[in-house]
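One structure is given here, and the rest of the page talks about it.
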Amino acid sequence: MGEDTDTRKINHSFLRDHSYVTEADIISTVEFNHTGELLATGDKGGRVVIFQREPESKNAPHSQGEYDVYSTFQSHEPEFDYLKSLEIEEKINKIKWLPQQNAAHSLLSTNDKTIKLWKITERDKRPEGYNLKDEEGKLKDLSTVTSLQVPVLKPMDLMVEVSPRRIFANGHTYHINSISVNSDCETYMSADDLRINLWHLAITDRSFNIVDIKPANMEDLTEVITASEFHPHHCNLFVYSSSKGSLRLCDMRAAALCDKHSKLFEEPEDPSNRSFFSEIISSVSDVKFSHSGRYMLTRDYLTVKVWDLNMEARPIETYQVHDYLRSKLCSLYESDCIFDKFECAWNGSDSVIMTGAYNNFFRMFDRNTKRDVTLEASRESSKPRAVLKPRRVCVGGKRRRDDISVDSLDFTKKILHTAWHPAENIIAIAATNNLYIFQDKVNSDMH
Amino acid sequence: MFARGLKRKYGDQEEGVEGFGTVPSYSLQRQSLLDMSLVKLQLCHMLVEPNLCRSVLIANTVRQIQEEMSRDGVWHGMAPQNVERAPIDRLVSTEILCRTARAADEEHPTPELEDGPLQSSASELPIVSPAQGQRSPPSSLWELDNPQENRGSFQKSLDQIFETLENKSPSSVEELFSDVDSSYYDLDTVLTGMMGGTKPSLCSGLESFAAAAPPPSSTCKSDLAELDHVVEILVET
């Protein structure tokens with residue numbers, strides 16, 4: 001297991017104080033592709049960096065299966081909306097890989113307004129022996145050409161080329177918060193605060209609006225869409241979550257406009273915990289279908305919940321991520337931390353769920369054993385290839401030696417974005433501008 | 001953290017000076033939360049579109065507080081006769097608001113109007129249902145509280161904020177609030193400061209905000225429509 005070896009980060013670190021973070025380098029999304037061979041990250045500066053897993057080799061056993069930089073490109077640039085006199089941020093909100101259909105890899109990346117389809121191809125051969133051009137590409141003096149030759153493909157150093165194949169623009173008035181590729185591999189959806197659009201991957205000048213919760217009078221607005229995802233197997237089903245903590249499962253076969261949900265998943269409020277902050281902390285920041293398609297995972301401010309698609313009344317499992325923050329909600333509201341949007345992730349076998357927290361901590365919950373662990377992603381606390389030490393936050397009472405007290409948590413160090421390899425126990429954790437990749441060497445297979 | 005020897009009795013504390021060693025009343029905490037929320041709604045980054053989700057959540061919180069205040073009878077439906085500037089020290093520092101329950105227990109728990117919920121979590125503001133507990137505070141408390149709040153114009157302010165969030169144009173935001181009594185907001189300064197790219201700190205924003213509400217204006221809506229028309233012409237849509 002090792003840390004990110006991105007050269008961009010190395011270049012900055014010797015010029016600046018280590019505690020200074022270049023804002024553009026803040027990682028804003030992390031996503032494995034369907035095989036786990038590639039890992040894409042997007043950052044606030046609009047760049048995408050793709051890492052590739054090195055094939056395991058017996059010659060260098062210590063470097064087997066590690067991720068190295070494969071390609072870096074600028075996906076989005078800052079734009080200016082002249083009509084509204086507002087900047088459109090280039091920050092990459094989400095990246096989603098398309099299932100691989102040929103030698104090339106494709107991914108969708110989006111900022112607040114525009115989605116782009118990028119094609120990533122490798123070139124490891126080049127033709128040599130042209131008749132009309134010489135090796136540098138200059139036109140030959142025709143008098144020197146005495147015979148015809150057929151150009152031959154010769155091997156060359158691997159070159160990774162990235163090109164934008166589609167640009168899906170002008171589909172959204174509000175900020176895009178999610179994109180999701182359909183299992184039909186032909187369509188995908190993009191969701192903003194109030195609407196969800198369905199696109200065909202090959203058509204950029206048209207999209208279909210499938211959900212619209214914008215009220216006729218904006219003054220009546222009380223709820224927004226926070227996340228959405230297609231069902232992994234049923235191409236007609238998708239779910240979207242709201243700022244009021246509800247999930248709506250919609251069936252596209254029912255109607256063209258899916259404003260009426262097929263199922264509404266909502267947990268009744270706990271009256272004993274009621275406060276002015278109840279609604280804010282119930283807002284769902286992320287929703288993910290399990291690989292099996294049977295369950296959904298949601299993250300709100302203090303918990304992660306597992307929902308069974310067959311039961312709308314309440315989640316089947318609830319896990320406390322950092323309940324010790326419940327008494328601090330007011331200061332977290334003041335500092336705006338209460339609005340932080342944490343993501344969540346399933347492991348490949350849907351037996352373990354993971355989410356981030358503050359102080360560069362992240363949490364994992366084993367659904368079968370009901371055990372959970374808190375780990376830390378930071379250079380200071382772990383050397384490369386060392387085993388991560390479980391951390392504990394103490395809330396008063398007995399304090400063990402390495403415990404951190406709630407009051408000394410660093411709320412600027414938040415782990416919002418995490419990803420789990422689709423098949424193996426490899427996780428990618430984005431801690432501000434650093435990417436950590438952790439591997440479980442002992443138990444690489446799912447159980 | 002707090003100076004010793006400066007403990008005040010419950011009655012003194014209501015003058016709004018940063019309490020030393022006493023728990024602020026629920027209504028004071030609630031008012032402080034309301035003020036903080038309004039500041040958050042208005043002090044958004046003007047260069048980049050404000051986050052709609054965050055704004056909606058804060059606005060909902062403001063509405064909840066408003067509703068509870070109406071139920072309590074604190075919210076007066078009348079237009080303010082005279083909009084006077086409340087003393088700045090009525091705005092309790094949010095530090096008090098966010099004091100932990102443990103700190104509150106260490107001090108003498110003051111004979112509070114609404115007891116149970118408040119003492120259990122002083123830093124949170126539990127919504128106490130009107131049926132619970134006596135809400136008949138001494139008259140001095142409510143005098144010091146917010147007599148000029150006007151629910152109608154408050155709602156209007158909220159609505160204006162949403163409209164500006166939707167159709168943002170710096171000049172129209174200023175004009176929207178041009179009829180607002182400047183003793184309520186020092187918005188012109190605040191907005192101009194934002195336009196120039198500087199963001200006034202929360203503390204300075206709080207200090208310039210008085211607790212009075214702007215007088216309601218029935219012509220505001222028609223002004224808005226006219227303004228939209230003007231803006232449309234300007235941008236040639």
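Here's how to read the names in the structure tokens: chain A, B, ... by the order shown, residue numbers from 1 in each chain, ligand numbers from 1 in the order shown.
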
Taking only C-alpha atoms into account and nothing else, which residues of chain A lie no more than 9 Å away from chain B? Please answer as a CSV table (one decimal) with N, CA, C and O atoms, in the first residue's frame.
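Output contents, as saved in result00.csv:
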```csv
chain,number,residue,atom,x,y,z
A,83,LEU,N,-24.7,36.5,-18.2
A,83,LEU,CA,-26.0,36.9,-17.9
A,83,LEU,C,-26.3,37.1,-16.4
A,83,LEU,O,-26.9,38.1,-16.0
A,84,LYS,N,-25.7,36.3,-15.6
A,84,LYS,CA,-25.9,36.4,-14.2
A,84,LYS,C,-24.7,37.0,-13.5
A,84,LYS,O,-24.7,37.2,-12.3
A,85,SER,N,-23.7,37.3,-14.2
A,85,SER,CA,-22.5,37.9,-13.6
A,85,SER,C,-21.9,37.0,-12.6
A,85,SER,O,-21.6,37.4,-11.5
A,86,LEU,N,-21.9,35.7,-12.9
A,86,LEU,CA,-21.4,34.8,-11.9
A,86,LEU,C,-20.3,33.8,-12.5
A,86,LEU,O,-20.5,33.4,-13.7
A,87,GLU,N,-19.4,33.4,-11.7
A,87,GLU,CA,-18.4,32.5,-12.1
A,87,GLU,C,-19.0,31.1,-12.1
A,87,GLU,O,-19.8,30.8,-11.2
A,88,ILE,N,-18.7,30.2,-13.0
A,88,ILE,CA,-19.0,28.8,-12.9
A,88,ILE,C,-17.7,28.1,-12.5
A,88,ILE,O,-16.7,28.1,-13.3
A,89,GLU,N,-17.8,27.5,-11.4
A,89,GLU,CA,-16.6,26.8,-10.9
A,89,GLU,C,-16.2,25.6,-11.8
A,89,GLU,O,-17.0,24.9,-12.3
A,174,TYR,N,-29.4,24.7,-12.3
A,174,TYR,CA,-28.8,24.7,-10.9
A,174,TYR,C,-27.6,23.8,-10.9
A,174,TYR,O,-27.2,23.3,-11.9
A,175,HIS,N,-27.0,23.7,-9.8
A,175,HIS,CA,-25.7,23.0,-9.7
A,175,HIS,C,-25.8,21.5,-9.8
A,175,HIS,O,-26.6,20.9,-8.9
A,193,ASP,N,-30.0,20.6,-8.2
A,193,ASP,CA,-30.7,20.7,-7.0
A,193,ASP,C,-32.2,20.5,-7.1
A,193,ASP,O,-32.9,20.1,-6.2
A,218,MET,N,-40.8,30.1,-6.4
A,218,MET,CA,-39.5,29.8,-5.7
A,218,MET,C,-39.6,30.1,-4.2
A,218,MET,O,-38.8,29.5,-3.4
A,219,GLU,N,-40.5,30.9,-3.8
A,219,GLU,CA,-40.6,31.2,-2.4
A,219,GLU,C,-41.1,30.0,-1.6
A,219,GLU,O,-41.0,29.9,-0.4
A,220,ASP,N,-41.8,29.1,-2.3
A,220,ASP,CA,-42.3,27.9,-1.7
A,220,ASP,C,-41.3,26.7,-1.6
A,220,ASP,O,-41.6,25.7,-1.2
A,221,LEU,N,-40.1,27.0,-2.0
A,221,LEU,CA,-39.0,26.0,-2.1
A,221,LEU,C,-38.6,25.6,-0.7
A,221,LEU,O,-38.1,26.4,0.1
A,222,THR,N,-38.8,24.3,-0.3
A,222,THR,CA,-38.3,23.8,1.0
A,222,THR,C,-37.4,22.6,0.9
A,222,THR,O,-36.9,22.1,1.9
A,223,GLU,N,-37.4,22.0,-0.3
A,223,GLU,CA,-36.6,20.7,-0.4
A,223,GLU,C,-35.9,20.7,-1.7
A,223,GLU,O,-36.4,21.1,-2.7
A,224,VAL,N,-34.6,20.2,-1.6
A,224,VAL,CA,-33.9,20.0,-2.9
A,224,VAL,C,-33.4,18.6,-3.0
A,224,VAL,O,-33.3,17.8,-2.1
A,225,ILE,N,-33.0,18.3,-4.3
A,225,ILE,CA,-32.4,17.0,-4.6
A,225,ILE,C,-30.9,17.0,-4.2
A,225,ILE,O,-30.2,18.0,-4.5
A,226,THR,N,-30.5,16.0,-3.4
A,226,THR,CA,-29.1,16.0,-3.0
A,226,THR,C,-28.2,15.0,-3.7
A,226,THR,O,-27.0,15.2,-3.8
A,243,SER,N,-33.0,16.8,0.7
A,243,SER,CA,-32.5,17.5,1.9
A,243,SER,C,-33.3,17.3,3.1
A,243,SER,O,-32.9,17.7,4.2
A,244,LYS,N,-34.5,16.7,2.9
A,244,LYS,CA,-35.3,16.4,4.1
A,244,LYS,C,-35.1,15.0,4.6
A,244,LYS,O,-35.9,14.5,5.4
A,273,ASN,N,-35.0,13.4,20.0
A,273,ASN,CA,-33.8,14.0,19.5
A,273,ASN,C,-34.1,15.3,18.8
A,273,ASN,O,-33.2,15.8,18.1
A,274,ARG,N,-35.3,15.7,18.8
A,274,ARG,CA,-35.7,16.9,18.0
A,274,ARG,C,-35.0,18.2,18.4
A,274,ARG,O,-34.9,18.5,19.6
A,275,SER,N,-34.6,18.9,17.4
A,275,SER,CA,-34.0,20.2,17.7
A,275,SER,C,-34.1,21.1,16.4
A,275,SER,O,-34.6,20.6,15.4
A,276,PHE,N,-33.7,22.3,16.5
A,276,PHE,CA,-33.7,23.1,15.3
A,276,PHE,C,-32.8,22.6,14.2
A,276,PHE,O,-33.0,23.0,13.1
A,277,PHE,N,-31.9,21.7,14.6
A,277,PHE,CA,-31.0,21.2,13.6
A,277,PHE,C,-31.4,19.9,13.0
A,277,PHE,O,-30.7,19.3,12.2
A,279,GLU,N,-33.6,18.9,10.9
A,279,GLU,CA,-33.7,18.7,9.5
A,279,GLU,C,-32.4,18.8,8.8
A,279,GLU,O,-32.1,18.0,7.9
A,280,ILE,N,-31.5,19.7,9.2
A,280,ILE,CA,-30.2,19.8,8.5
A,280,ILE,C,-29.5,18.5,8.6
A,280,ILE,O,-28.9,18.0,7.7
A,283,SER,N,-30.6,15.6,6.3
A,283,SER,CA,-30.3,15.8,4.8
A,283,SER,C,-29.4,14.7,4.3
A,283,SER,O,-28.3,14.5,4.9
A,326,ARG,N,-23.2,15.3,18.3
A,326,ARG,CA,-24.6,15.7,18.4
A,326,ARG,C,-24.8,16.8,19.4
A,326,ARG,O,-25.7,17.7,19.2
A,327,SER,N,-23.9,16.9,20.4
A,327,SER,CA,-24.0,18.0,21.3
A,327,SER,C,-23.3,19.3,20.8
A,327,SER,O,-23.3,20.3,21.5
A,328,LYS,N,-22.7,19.2,19.7
A,328,LYS,CA,-21.9,20.3,19.1
A,328,LYS,C,-22.5,20.9,17.9
A,328,LYS,O,-21.9,21.7,17.2
A,329,LEU,N,-23.8,20.5,17.7
A,329,LEU,CA,-24.4,20.9,16.4
A,329,LEU,C,-24.4,22.4,16.2
A,329,LEU,O,-24.3,22.9,15.1
A,330,CYS,N,-24.6,23.1,17.3
A,330,CYS,CA,-24.7,24.6,17.2
A,330,CYS,C,-23.4,25.2,16.6
A,330,CYS,O,-23.4,26.0,15.7
A,331,SER,N,-22.3,24.8,17.2
A,331,SER,CA,-21.0,25.4,16.7
A,331,SER,C,-20.7,24.9,15.3
A,331,SER,O,-20.1,25.6,14.5
A,334,GLU,N,-22.6,27.0,13.1
A,334,GLU,CA,-22.0,28.3,12.9
A,334,GLU,C,-20.8,28.3,12.0
A,334,GLU,O,-20.6,29.2,11.2
A,339,PHE,N,-23.0,21.5,7.1
A,339,PHE,CA,-23.4,21.3,5.7
A,339,PHE,C,-22.4,20.5,4.9
A,339,PHE,O,-22.6,20.3,3.7
```

Contact residues around Thr173 in chain A with only C-alpha atoms at 9 Å, ignoring same-chain residues under 5 positions, as a PyMOL selection string: chain A and resi 113+192+194-195

Based on the backbone DSSP call, show me all residues of range 95-256 of chain A assigned strand (DSSP E), as an MDAnalysis selection string. chainID A and resid 95:97 105:110 115:128 152:168 178:181 187:191 195:200 208:212 225:230 237:242 247:251

Could the residues in this selection be saved with C-alpha atoms as a PDB file, in the first residue's frame?
```
ATOM      1  CA  ILE A  95     -16.629  11.284 -12.235  1.00  0.00           C
ATOM      2  CA  LYS A  96     -18.320   8.132 -13.461  1.00  0.00           C
ATOM      3  CA  TRP A  97     -16.661   5.476 -15.601  1.00  0.00           C
ATOM      4  CA  HIS A 105     -11.631   3.698 -21.544  1.00  0.00           C
ATOM      5  CA  SER A 106     -14.319   6.338 -21.205  1.00  0.00           C
ATOM      6  CA  LEU A 107     -15.486   8.424 -18.335  1.00  0.00           C
ATOM      7  CA  LEU A 108     -17.954  11.196 -17.637  1.00  0.00           C
ATOM      8  CA  SER A 109     -16.785  14.153 -15.602  1.00  0.00           C
ATOM      9  CA  THR A 110     -18.943  17.032 -14.506  1.00  0.00           C
ATOM     10  CA  ILE A 115     -20.827  17.124 -18.316  1.00  0.00           C
ATOM     11  CA  LYS A 116     -18.066  15.875 -20.566  1.00  0.00           C
ATOM     12  CA  LEU A 117     -17.383  12.460 -22.000  1.00  0.00           C
ATOM     13  CA  TRP A 118     -13.666  11.711 -22.198  1.00  0.00           C
ATOM     14  CA  LYS A 119     -12.085   8.906 -24.127  1.00  0.00           C
ATOM     15  CA  ILE A 120      -8.767   7.561 -22.949  1.00  0.00           C
ATOM     16  CA  THR A 121      -6.723   5.604 -25.427  1.00  0.00           C
ATOM     17  CA  GLU A 122      -3.269   4.129 -25.443  1.00  0.00           C
ATOM     18  CA  ARG A 123      -0.852   4.379 -28.218  1.00  0.00           C
ATOM     19  CA  ASP A 124       2.136   2.077 -28.160  1.00  0.00           C
ATOM     20  CA  LYS A 125       2.878   1.738 -31.841  1.00  0.00           C
ATOM     21  CA  ARG A 126       3.455   4.250 -34.537  1.00  0.00           C
ATOM     22  CA  PRO A 127       3.669   3.938 -38.287  1.00  0.00           C
ATOM     23  CA  GLU A 128       7.038   4.463 -39.863  1.00  0.00           C
ATOM     24  CA  VAL A 152       5.066  -0.396 -40.912  1.00  0.00           C
ATOM     25  CA  LEU A 153       3.868  -0.190 -37.303  1.00  0.00           C
ATOM     26  CA  LYS A 154       6.801  -0.008 -34.938  1.00  0.00           C
ATOM     27  CA  PRO A 155       6.562  -0.096 -31.151  1.00  0.00           C
ATOM     28  CA  MET A 156       7.018   3.135 -29.236  1.00  0.00           C
ATOM     29  CA  ASP A 157       6.842   4.323 -25.647  1.00  0.00           C
ATOM     30  CA  LEU A 158       3.380   4.116 -24.279  1.00  0.00           C
ATOM     31  CA  MET A 159       1.454   7.283 -24.764  1.00  0.00           C
ATOM     32  CA  VAL A 160      -1.912   7.875 -23.136  1.00  0.00           C
ATOM     33  CA  GLU A 161      -4.162  10.162 -25.091  1.00  0.00           C
ATOM     34  CA  VAL A 162      -7.268  11.776 -23.753  1.00  0.00           C
ATOM     35  CA  SER A 163      -9.840  13.534 -25.859  1.00  0.00           C
ATOM     36  CA  PRO A 164     -13.227  15.044 -25.134  1.00  0.00           C
ATOM     37  CA  ARG A 165     -15.767  13.189 -27.222  1.00  0.00           C
ATOM     38  CA  ARG A 166     -18.991  14.792 -26.066  1.00  0.00           C
ATOM     39  CA  ILE A 167     -19.878  17.921 -24.228  1.00  0.00           C
ATOM     40  CA  PHE A 168     -23.317  17.929 -22.606  1.00  0.00           C
ATOM     41  CA  SER A 178     -24.622  13.686  -9.326  1.00  0.00           C
ATOM     42  CA  ILE A 179     -24.309  11.738 -12.521  1.00  0.00           C
ATOM     43  CA  SER A 180     -25.046   8.068 -12.964  1.00  0.00           C
ATOM     44  CA  VAL A 181     -24.567   5.778 -15.937  1.00  0.00           C
ATOM     45  CA  THR A 187     -28.038   6.556 -21.258  1.00  0.00           C
ATOM     46  CA  TYR A 188     -27.052   8.382 -18.132  1.00  0.00           C
ATOM     47  CA  MET A 189     -28.678  10.861 -15.813  1.00  0.00           C
ATOM     48  CA  SER A 190     -27.503  14.097 -14.282  1.00  0.00           C
ATOM     49  CA  ALA A 191     -29.142  15.659 -11.256  1.00  0.00           C
ATOM     50  CA  ARG A 195     -34.154  18.591 -11.674  1.00  0.00           C
ATOM     51  CA  ILE A 196     -32.902  15.326 -13.079  1.00  0.00           C
ATOM     52  CA  ASN A 197     -32.168  14.931 -16.774  1.00  0.00           C
ATOM     53  CA  LEU A 198     -31.740  11.803 -18.839  1.00  0.00           C
ATOM     54  CA  TRP A 199     -29.197  11.908 -21.629  1.00  0.00           C
ATOM     55  CA  HIS A 200     -28.180   9.587 -24.384  1.00  0.00           C
ATOM     56  CA  PHE A 208     -35.118  14.585 -21.214  1.00  0.00           C
ATOM     57  CA  ASN A 209     -36.242  15.968 -17.928  1.00  0.00           C
ATOM     58  CA  ILE A 210     -37.389  13.092 -15.760  1.00  0.00           C
ATOM     59  CA  VAL A 211     -37.717  14.757 -12.364  1.00  0.00           C
ATOM     60  CA  ASP A 212     -38.637  18.339 -11.642  1.00  0.00           C
ATOM     61  CA  ILE A 225     -32.395  16.983  -4.552  1.00  0.00           C
ATOM     62  CA  THR A 226     -29.088  16.025  -2.996  1.00  0.00           C
ATOM     63  CA  ALA A 227     -27.982  12.849  -4.814  1.00  0.00           C
ATOM     64  CA  SER A 228     -29.240  10.305  -7.319  1.00  0.00           C
ATOM     65  CA  GLU A 229     -28.242   6.989  -8.834  1.00  0.00           C
ATOM     66  CA  PHE A 230     -29.467   4.429 -11.308  1.00  0.00           C
ATOM     67  CA  LEU A 237     -35.216   2.302 -11.815  1.00  0.00           C
ATOM     68  CA  PHE A 238     -33.374   5.111 -10.124  1.00  0.00           C
ATOM     69  CA  VAL A 239     -33.328   6.705  -6.712  1.00  0.00           C
ATOM     70  CA  TYR A 240     -32.877  10.277  -5.582  1.00  0.00           C
ATOM     71  CA  SER A 241     -32.396  11.666  -2.111  1.00  0.00           C
ATOM     72  CA  SER A 242     -33.533  14.965  -0.671  1.00  0.00           C
ATOM     73  CA  LEU A 247     -35.391   8.703  -0.722  1.00  0.00           C
ATOM     74  CA  ARG A 248     -37.572   8.316  -3.747  1.00  0.00           C
ATOM     75  CA  LEU A 249     -37.363   5.314  -5.994  1.00  0.00           C
ATOM     76  CA  CYS A 250     -38.715   6.068  -9.436  1.00  0.00           C
ATOM     77  CA  ASP A 251     -39.691   3.865 -12.340  1.00  0.00           C
TER      78      ASP A 251
END
```

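Here CA of Leu201 in chain A stands at a distance of 21.6 Å from CA of Glu77 in chain A.
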
Please run DSSP on the backbone and report, as a VMD selection string, all residues within range 214-386 of chain A that come out as alpha helix (DSSP H). chain A and resid 278 to 282 329 to 334

Would you output that residue set with all heavy atoms, as a PDB file, in the first residue's frame?
```pdb
ATOM      1  N   SER A 278     -32.508  19.357  13.473  1.00  0.00           N
ATOM      2  CA  SER A 278     -32.921  18.011  13.050  1.00  0.00           C
ATOM      3  C   SER A 278     -33.000  17.870  11.551  1.00  0.00           C
ATOM      4  O   SER A 278     -32.547  16.877  10.989  1.00  0.00           O
ATOM      5  CB  SER A 278     -34.292  17.671  13.640  1.00  0.00           C
ATOM      6  OG  SER A 278     -34.194  17.549  15.025  1.00  0.00           O
ATOM      7  N   GLU A 279     -33.584  18.863  10.903  1.00  0.00           N
ATOM      8  CA  GLU A 279     -33.745  18.718   9.465  1.00  0.00           C
ATOM      9  C   GLU A 279     -32.399  18.756   8.764  1.00  0.00           C
ATOM     10  O   GLU A 279     -32.141  17.964   7.859  1.00  0.00           O
ATOM     11  CB  GLU A 279     -34.643  19.829   8.915  1.00  0.00           C
ATOM     12  CG  GLU A 279     -34.949  19.602   7.435  1.00  0.00           C
ATOM     13  CD  GLU A 279     -35.735  20.740   6.817  1.00  0.00           C
ATOM     14  OE1 GLU A 279     -36.769  21.102   7.403  1.00  0.00           O
ATOM     15  OE2 GLU A 279     -35.310  21.251   5.770  1.00  0.00           O
ATOM     16  N   ILE A 280     -31.536  19.650   9.207  1.00  0.00           N
ATOM     17  CA  ILE A 280     -30.244  19.780   8.531  1.00  0.00           C
ATOM     18  C   ILE A 280     -29.453  18.482   8.635  1.00  0.00           C
ATOM     19  O   ILE A 280     -28.852  18.023   7.665  1.00  0.00           O
ATOM     20  CB  ILE A 280     -29.430  20.948   9.116  1.00  0.00           C
ATOM     21  CG1 ILE A 280     -30.187  22.256   8.928  1.00  0.00           C
ATOM     22  CG2 ILE A 280     -28.061  21.027   8.450  1.00  0.00           C
ATOM     23  CD1 ILE A 280     -29.500  23.462   9.522  1.00  0.00           C
ATOM     24  N   ILE A 281     -29.466  17.872   9.810  1.00  0.00           N
ATOM     25  CA  ILE A 281     -28.654  16.661   9.954  1.00  0.00           C
ATOM     26  C   ILE A 281     -29.324  15.455   9.316  1.00  0.00           C
ATOM     27  O   ILE A 281     -28.689  14.410   9.154  1.00  0.00           O
ATOM     28  CB  ILE A 281     -28.287  16.357  11.419  1.00  0.00           C
ATOM     29  CG1 ILE A 281     -29.530  16.090  12.270  1.00  0.00           C
ATOM     30  CG2 ILE A 281     -27.459  17.485  11.997  1.00  0.00           C
ATOM     31  CD1 ILE A 281     -29.181  15.548  13.643  1.00  0.00           C
ATOM     32  N   SER A 282     -30.592  15.590   8.952  1.00  0.00           N
ATOM     33  CA  SER A 282     -31.241  14.464   8.285  1.00  0.00           C
ATOM     34  C   SER A 282     -31.040  14.516   6.776  1.00  0.00           C
ATOM     35  O   SER A 282     -31.323  13.543   6.076  1.00  0.00           O
ATOM     36  CB  SER A 282     -32.744  14.462   8.597  1.00  0.00           C
ATOM     37  OG  SER A 282     -33.372  15.494   7.861  1.00  0.00           O
ATOM     38  N   LEU A 329     -23.775  20.532  17.665  1.00  0.00           N
ATOM     39  CA  LEU A 329     -24.387  20.922  16.396  1.00  0.00           C
ATOM     40  C   LEU A 329     -24.434  22.431  16.216  1.00  0.00           C
ATOM     41  O   LEU A 329     -24.321  22.936  15.095  1.00  0.00           O
ATOM     42  CB  LEU A 329     -25.801  20.334  16.293  1.00  0.00           C
ATOM     43  CG  LEU A 329     -25.836  18.817  16.128  1.00  0.00           C
ATOM     44  CD1 LEU A 329     -27.274  18.329  16.079  1.00  0.00           C
ATOM     45  CD2 LEU A 329     -25.108  18.385  14.863  1.00  0.00           C
ATOM     46  N   CYS A 330     -24.601  23.146  17.303  1.00  0.00           N
ATOM     47  CA  CYS A 330     -24.693  24.590  17.152  1.00  0.00           C
ATOM     48  C   CYS A 330     -23.396  25.187  16.630  1.00  0.00           C
ATOM     49  O   CYS A 330     -23.407  26.005  15.702  1.00  0.00           O
ATOM     50  CB  CYS A 330     -25.095  25.224  18.473  1.00  0.00           C
ATOM     51  SG  CYS A 330     -25.486  26.949  18.239  1.00  0.00           S
ATOM     52  N   SER A 331     -22.263  24.796  17.207  1.00  0.00           N
ATOM     53  CA  SER A 331     -21.000  25.354  16.687  1.00  0.00           C
ATOM     54  C   SER A 331     -20.716  24.853  15.287  1.00  0.00           C
ATOM     55  O   SER A 331     -20.121  25.563  14.473  1.00  0.00           O
ATOM     56  CB  SER A 331     -19.793  25.053  17.563  1.00  0.00           C
ATOM     57  OG  SER A 331     -20.098  24.241  18.610  1.00  0.00           O
ATOM     58  N   LEU A 332     -21.145  23.620  15.011  1.00  0.00           N
ATOM     59  CA  LEU A 332     -20.935  23.101  13.660  1.00  0.00           C
ATOM     60  C   LEU A 332     -21.817  23.844  12.656  1.00  0.00           C
ATOM     61  O   LEU A 332     -21.459  23.987  11.484  1.00  0.00           O
ATOM     62  CB  LEU A 332     -21.231  21.593  13.632  1.00  0.00           C
ATOM     63  CG  LEU A 332     -20.237  20.778  14.457  1.00  0.00           C
ATOM     64  CD1 LEU A 332     -20.769  19.373  14.719  1.00  0.00           C
ATOM     65  CD2 LEU A 332     -18.895  20.695  13.751  1.00  0.00           C
ATOM     66  N   TYR A 333     -22.955  24.313  13.137  1.00  0.00           N
ATOM     67  CA  TYR A 333     -23.827  25.114  12.279  1.00  0.00           C
ATOM     68  C   TYR A 333     -23.174  26.469  12.028  1.00  0.00           C
ATOM     69  O   TYR A 333     -23.160  26.981  10.920  1.00  0.00           O
ATOM     70  CB  TYR A 333     -25.184  25.280  12.956  1.00  0.00           C
ATOM     71  CG  TYR A 333     -26.178  26.131  12.200  1.00  0.00           C
ATOM     72  CD1 TYR A 333     -26.764  25.673  11.021  1.00  0.00           C
ATOM     73  CD2 TYR A 333     -26.567  27.380  12.686  1.00  0.00           C
ATOM     74  CE1 TYR A 333     -27.697  26.438  10.342  1.00  0.00           C
ATOM     75  CE2 TYR A 333     -27.508  28.149  12.010  1.00  0.00           C
ATOM     76  CZ  TYR A 333     -28.072  27.675  10.843  1.00  0.00           C
ATOM     77  OH  TYR A 333     -28.989  28.437  10.158  1.00  0.00           O
ATOM     78  N   GLU A 334     -22.624  27.021  13.070  1.00  0.00           N
ATOM     79  CA  GLU A 334     -22.000  28.325  12.931  1.00  0.00           C
ATOM     80  C   GLU A 334     -20.820  28.284  11.974  1.00  0.00           C
ATOM     81  O   GLU A 334     -20.627  29.192  11.160  1.00  0.00           O
ATOM     82  CB  GLU A 334     -21.532  28.820  14.308  1.00  0.00           C
ATOM     83  CG  GLU A 334     -21.055  30.244  14.265  1.00  0.00           C
ATOM     84  CD  GLU A 334     -20.476  30.701  15.588  1.00  0.00           C
ATOM     85  OE1 GLU A 334     -20.294  29.858  16.493  1.00  0.00           O
ATOM     86  OE2 GLU A 334     -20.210  31.898  15.697  1.00  0.00           O
TER      87      GLU A 334
END
```

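In this structure, CA of Leu38 in chain A sits 28.5 Å away from CA of Asp300 in chain A.
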
Distance query range 345-358 of chain A at most 8 Å, only C-alpha atoms, self and fewer than 2 positions along chain excluded, as a ChimeraX atom specification: /A:288,290-292,297,304,321-322,342-343,360-368,409-425,446-447

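Take CA of Tyr324 in chain A and CA of Val23 in chain B: the distance between them is 21.7 Å.
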